[in-house]
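As provided, structure26.json (JSON, C-alpha atoms) reads as follows.
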```json
[["chain", "number", "residue", "atom", "x", "y", "z"],
["J", 82, "MET", "CA", -13.86, -42.06, -83.67],
["J", 83, "LYS", "CA", -15.00, -45.41, -82.37],
["J", 84, "PRO", "CA", -12.64, -47.71, -80.43],
["J", 85, "LYS", "CA", -12.26, -49.85, -83.58],
["J", 86, "LYS", "CA", -10.53, -47.52, -86.00],
["J", 87, "ASN", "CA", -10.51, -47.50, -89.80],
["J", 88, "ILE", "CA", -6.83, -47.42, -90.75],
["J", 89, "ALA", "CA", -5.52, -46.56, -94.23],
["J", 90, "LEU", "CA", -2.22, -48.24, -95.14],
["J", 91, "ILE", "CA", -0.28, -46.75, -98.05],
["J", 92, "ALA", "CA", 3.32, -47.15, -99.23],
["J", 93, "HIS", "CA", 5.25, -46.04, -102.26],
["J", 94, "ASP", "CA", 7.14, -48.74, -104.16],
["J", 95, "HIS", "CA", 10.50, -48.23, -102.43],
["J", 96, "ARG", "CA", 8.79, -48.17, -99.02],
["J", 97, "LYS", "CA", 6.47, -51.18, -99.41],
["J", 98, "MET", "CA", 8.90, -53.59, -97.72],
["J", 99, "ASP", "CA", 9.21, -51.17, -94.78],
["J", 100, "LEU", "CA", 5.43, -51.04, -94.38],
["J", 101, "LEU", "CA", 5.10, -54.82, -94.74],
["J", 102, "ASP", "CA", 7.72, -55.38, -92.03],
["J", 103, "TRP", "CA", 5.96, -52.86, -89.80],
["J", 104, "ALA", "CA", 2.50, -54.38, -90.43],
["J", 105, "GLU", "CA", 3.74, -57.90, -89.68],
["J", 106, "TYR", "CA", 5.40, -56.72, -86.45],
["J", 107, "ASN", "CA", 2.20, -54.90, -85.42],
["J", 108, "SER", "CA", -0.32, -57.40, -86.79],
["J", 109, "GLU", "CA", -1.78, -58.02, -83.32],
["J", 110, "HIS", "CA", -2.57, -54.30, -82.92],
["J", 111, "LEU", "CA", -3.84, -54.05, -86.49],
["J", 112, "SER", "CA", -6.16, -57.03, -86.03],
["J", 113, "ASN", "CA", -8.28, -54.91, -83.67],
["J", 114, "HIS", "CA", -9.14, -52.47, -86.45],
["J", 115, "ASN", "CA", -10.54, -52.24, -89.99],
["J", 116, "LEU", "CA", -7.79, -51.98, -92.58],
["J", 117, "PHE", "CA", -7.86, -50.18, -95.91],
["J", 118, "GLY", "CA", -5.12, -49.87, -98.49],
["J", 119, "THR", "CA", -4.25, -48.78, -101.96],
["J", 120, "GLY", "CA", -4.07, -51.53, -104.60],
["J", 121, "THR", "CA", -0.79, -53.40, -104.35],
["J", 122, "THR", "CA", -0.02, -52.28, -100.81],
["J", 123, "GLY", "CA", -3.35, -53.57, -99.52],
["J", 124, "LYS", "CA", -2.84, -56.91, -101.26],
["J", 125, "LEU", "CA", 0.69, -57.32, -99.90],
["J", 126, "VAL", "CA", -0.31, -56.38, -96.34],
["J", 127, "SER", "CA", -3.17, -58.87, -96.41],
["J", 128, "GLU", "CA", -0.90, -61.64, -97.72],
["J", 129, "LYS", "CA", 1.86, -60.87, -95.19],
["J", 130, "THR", "CA", -0.37, -60.55, -92.10],
["J", 131, "GLY", "CA", -3.36, -62.74, -92.99],
["J", 132, "LEU", "CA", -5.62, -59.80, -92.09],
["J", 133, "PRO", "CA", -8.45, -58.58, -94.33],
["J", 134, "VAL", "CA", -7.69, -55.31, -96.10],
["J", 135, "PHE", "CA", -10.28, -53.43, -98.14],
["J", 136, "ARG", "CA", -8.46, -52.37, -101.30],
["J", 137, "PHE", "CA", -8.87, -49.14, -103.20],
["J", 138, "LYS", "CA", -7.27, -48.63, -106.62],
["J", 139, "SER", "CA", -3.52, -48.27, -106.97],
["J", 140, "GLY", "CA", -2.31, -44.84, -105.81],
["J", 141, "PRO", "CA", -1.35, -43.52, -109.27],
["J", 142, "LEU", "CA", -4.67, -44.80, -110.67],
["J", 143, "GLY", "CA", -6.77, -42.84, -108.19],
["J", 144, "GLY", "CA", -6.37, -44.83, -104.96],
["J", 145, "ASP", "CA", -4.88, -41.87, -103.09],
["J", 146, "LEU", "CA", -7.85, -39.78, -104.19],
["J", 147, "GLN", "CA", -10.27, -42.52, -103.08],
["J", 148, "ILE", "CA", -8.68, -42.58, -99.63],
["J", 149, "GLY", "CA", -8.87, -38.78, -99.52],
["J", 150, "THR", "CA", -12.57, -39.00, -100.30],
["J", 151, "ALA", "CA", -13.01, -41.60, -97.54],
["J", 152, "ILE", "CA", -11.32, -39.22, -95.09],
["J", 153, "VAL", "CA", -13.68, -36.39, -96.10],
["J", 154, "GLN", "CA", -16.65, -38.76, -95.63],
["J", 155, "ASN", "CA", -15.38, -39.69, -92.14],
["J", 156, "GLU", "CA", -14.68, -43.29, -93.20],
["J", 157, "ILE", "CA", -10.92, -43.27, -92.43],
["J", 158, "ASP", "CA", -9.72, -42.46, -88.91],
["J", 159, "VAL", "CA", -5.96, -43.00, -89.13],
["J", 160, "MET", "CA", -3.46, -43.03, -91.97],
["J", 161, "ILE", "CA", -0.13, -44.85, -92.10],
["J", 162, "PHE", "CA", 1.58, -43.57, -95.24],
["J", 163, "PHE", "CA", 5.16, -44.64, -95.87],
["J", 164, "TRP", "CA", 5.94, -42.25, -98.73],
["J", 165, "ASP", "CA", 9.26, -42.10, -100.49],
["J", 166, "PRO", "CA", 11.07, -38.85, -99.60],
["J", 167, "LEU", "CA", 13.83, -39.42, -102.16],
["J", 168, "GLN", "CA", 11.92, -40.15, -105.35],
["J", 169, "ALA", "CA", 9.39, -38.05, -107.24],
["J", 170, "GLN", "CA", 6.11, -39.79, -107.90],
["J", 171, "PRO", "CA", 4.04, -39.45, -111.09],
["J", 172, "HIS", "CA", 1.08, -38.63, -108.87],
["J", 173, "ASP", "CA", 2.84, -36.18, -106.49],
["J", 174, "VAL", "CA", -0.09, -33.77, -106.63],
["J", 175, "ASP", "CA", -2.43, -36.54, -105.41],
["J", 176, "VAL", "CA", 0.00, -37.41, -102.61],
["J", 177, "LYS", "CA", 0.15, -33.79, -101.50],
["J", 178, "ALA", "CA", -3.65, -33.52, -101.68],
["J", 179, "LEU", "CA", -3.99, -36.64, -99.52],
["J", 180, "GLN", "CA", -1.61, -35.26, -96.91],
["J", 181, "ARG", "CA", -3.40, -31.90, -96.98],
["J", 182, "ILE", "CA", -6.85, -33.42, -96.54],
["J", 183, "SER", "CA", -5.56, -35.51, -93.62],
["J", 184, "ILE", "CA", -4.50, -32.31, -91.90],
["J", 185, "VAL", "CA", -7.74, -30.49, -92.75],
["J", 186, "TYR", "CA", -9.79, -33.32, -91.21],
["J", 187, "ASN", "CA", -7.33, -33.76, -88.33],
["J", 188, "ILE", "CA", -6.72, -37.48, -88.65],
["J", 189, "PRO", "CA", -3.58, -38.99, -87.12],
["J", 190, "MET", "CA", -0.99, -39.65, -89.81],
["J", 191, "ALA", "CA", 2.34, -41.48, -89.59],
["J", 192, "CYS", "CA", 4.87, -41.31, -92.41],
["J", 193, "ASN", "CA", 7.69, -43.36, -90.91],
["J", 194, "ARG", "CA", 8.11, -46.41, -88.70],
["J", 195, "SER", "CA", 8.81, -44.53, -85.47],
["J", 196, "SER", "CA", 5.68, -42.40, -85.83],
["J", 197, "ALA", "CA", 3.64, -45.44, -86.83],
["J", 198, "ASP", "CA", 4.90, -47.36, -83.77],
["J", 199, "PHE", "CA", 3.95, -44.53, -81.44],
["J", 200, "LEU", "CA", 0.57, -44.16, -83.11],
["J", 201, "ILE", "CA", -0.47, -47.84, -83.21],
["J", 202, "THR", "CA", 0.51, -48.38, -79.55],
["J", 203, "SER", "CA", -1.22, -45.27, -78.25],
["J", 204, "PRO", "CA", -4.01, -45.99, -75.71],
["J", 205, "LEU", "CA", -6.22, -43.69, -77.83],
["J", 206, "MET", "CA", -6.21, -46.34, -80.58],
["J", 207, "GLU", "CA", -8.37, -48.60, -78.42],
["J", 208, "SER", "CA", -10.82, -46.03, -77.12],
["J", 209, "LYS", "CA", -13.43, -43.60, -78.37],
["J", 210, "TYR", "CA", -11.92, -40.30, -79.44],
["J", 211, "ASP", "CA", -13.62, -37.03, -80.35],
["J", 212, "ARG", "CA", -11.31, -35.26, -82.74],
["J", 213, "PHE", "CA", -11.51, -31.54, -83.16],
["J", 214, "ILE", "CA", -12.09, -30.36, -86.71],
["J", 215, "VAL", "CA", -11.36, -26.74, -87.58],
["J", 216, "ASP", "CA", -14.15, -25.06, -89.52],
["J", 217, "TYR", "CA", -12.03, -23.75, -92.38],
["J", 218, "SER", "CA", -15.09, -22.41, -94.17],
["J", 219, "LYS", "CA", -15.11, -19.46, -91.74],
["J", 220, "ARG", "CA", -11.63, -18.54, -92.93],
["J", 221, "PHE", "CA", -12.83, -18.28, -96.53],
["J", 222, "ASN", "CA", -15.95, -16.22, -95.90],
["J", 223, "LYS", "CA", -15.22, -12.58, -96.63],
["J", 224, "ASP", "CA", -17.63, -9.75, -96.57],
["J", 225, "PHE", "CA", -16.94, -8.11, -99.92],
["J", 226, "ASP", "CA", -19.91, -5.81, -99.48],
["J", 227, "ALA", "CA", -18.38, -4.21, -96.37],
["J", 228, "LYS", "CA", -16.82, -1.34, -98.33]]
```

Please express what this file holds, its structure, as structure tokens.
Amino acid sequence: MKPKKNIALIAHDHRKMDLLDWAEYNSEHLSNHNLFGTGTTGKLVSEKTGLPVFRFKSGPLGGDLQIGTAIVQNEIDVMIFFWDPLQAQPHDVDVKALQRISIVYNIPMACNRSSADFLITSPLMESKYDRFIVDYSKRFNKDFDAK
């Protein structure tokens, strides 16, 4: 990862105000990086902070999947995802897939304000970082001809 990180900002409807408050409070830190967001969240963050945010589609319309693809293509370095732990989402499977792919590709992910605060203020956010990626393909290769 380069010193200027590509940060994905995502929030479910009942968590959008929490993310907006967090983004406004941390706008100075965020201004040092490239910001990406799902539809409405990206628009609201940009309006609240005055920072440019590249917008994917709305989460339920494929935005979560687009961000997942960007992670796989090494285009997203960090994800701030304020998801709603108390309400089922119509696209829960996409949300789970996004969280899973973030773990597979070992990107830092914060799902609440405390974690996001620790993450955005980490000295690693302003420096080059070589993240370790597990080669999961080795775990799937089985020698079926061994018998």

Quiz prompt | Selected residue, from J:Thr122, J:Ala89, J:Arg194, J:Ser203, that lies nearest to Gly149 of chain J when counting all atoms listed in the file | solution = J:Ala89

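Among the candidates J:Leu90, J:Val126, J:Met206, J:Met82, the residue lying nearest to Gly144 of chain J is J:Leu90 (atoms considered: only C-alpha atoms).
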
Quiz item: Between atom CA of Glu207 of chain J and atom CA of Phe163 of chain J, what is the spacing in Å?
Solution: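 Interatomic distance here is 22.4 Å.
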
Practice problem: Could you check which of J:Ile161, J:Val134, J:Ala178, J:Val153 is closest to Ala197 of chain J, using only C-alpha atoms? | Solution: J:Ile161

Exercise. Would you mind reading off the distance between atom CA of Leu125 of chain J and atom CA of Ile184 of chain J, one decimal, in Å?
Key: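 Separation between atom CA of Leu125 of chain J and atom CA of Ile184 of chain J: 26.8 Å.
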
Quiz item: Given the choices J:Trp103, J:Phe221, J:Phe213, J:Phe137, which gets closest to Cys192 of chain J if the distance is worked out from all atoms listed in the file?
Solution: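 With all atoms listed in the file as the atom set, the closest residue is J:Trp103.
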
Kindly provide, as lines of an AutoDock Vina configuration file, the centre and edge lengths (Å, one decimal) of an axis-aligned box around all atoms of segment 189-199 of chain J given in the file, with 3 Å on each side.
```
center_x = 2.6
center_y = -43.2
center_z = -86.9
size_x = 18.4
size_y = 14.4
size_z = 17.0
```
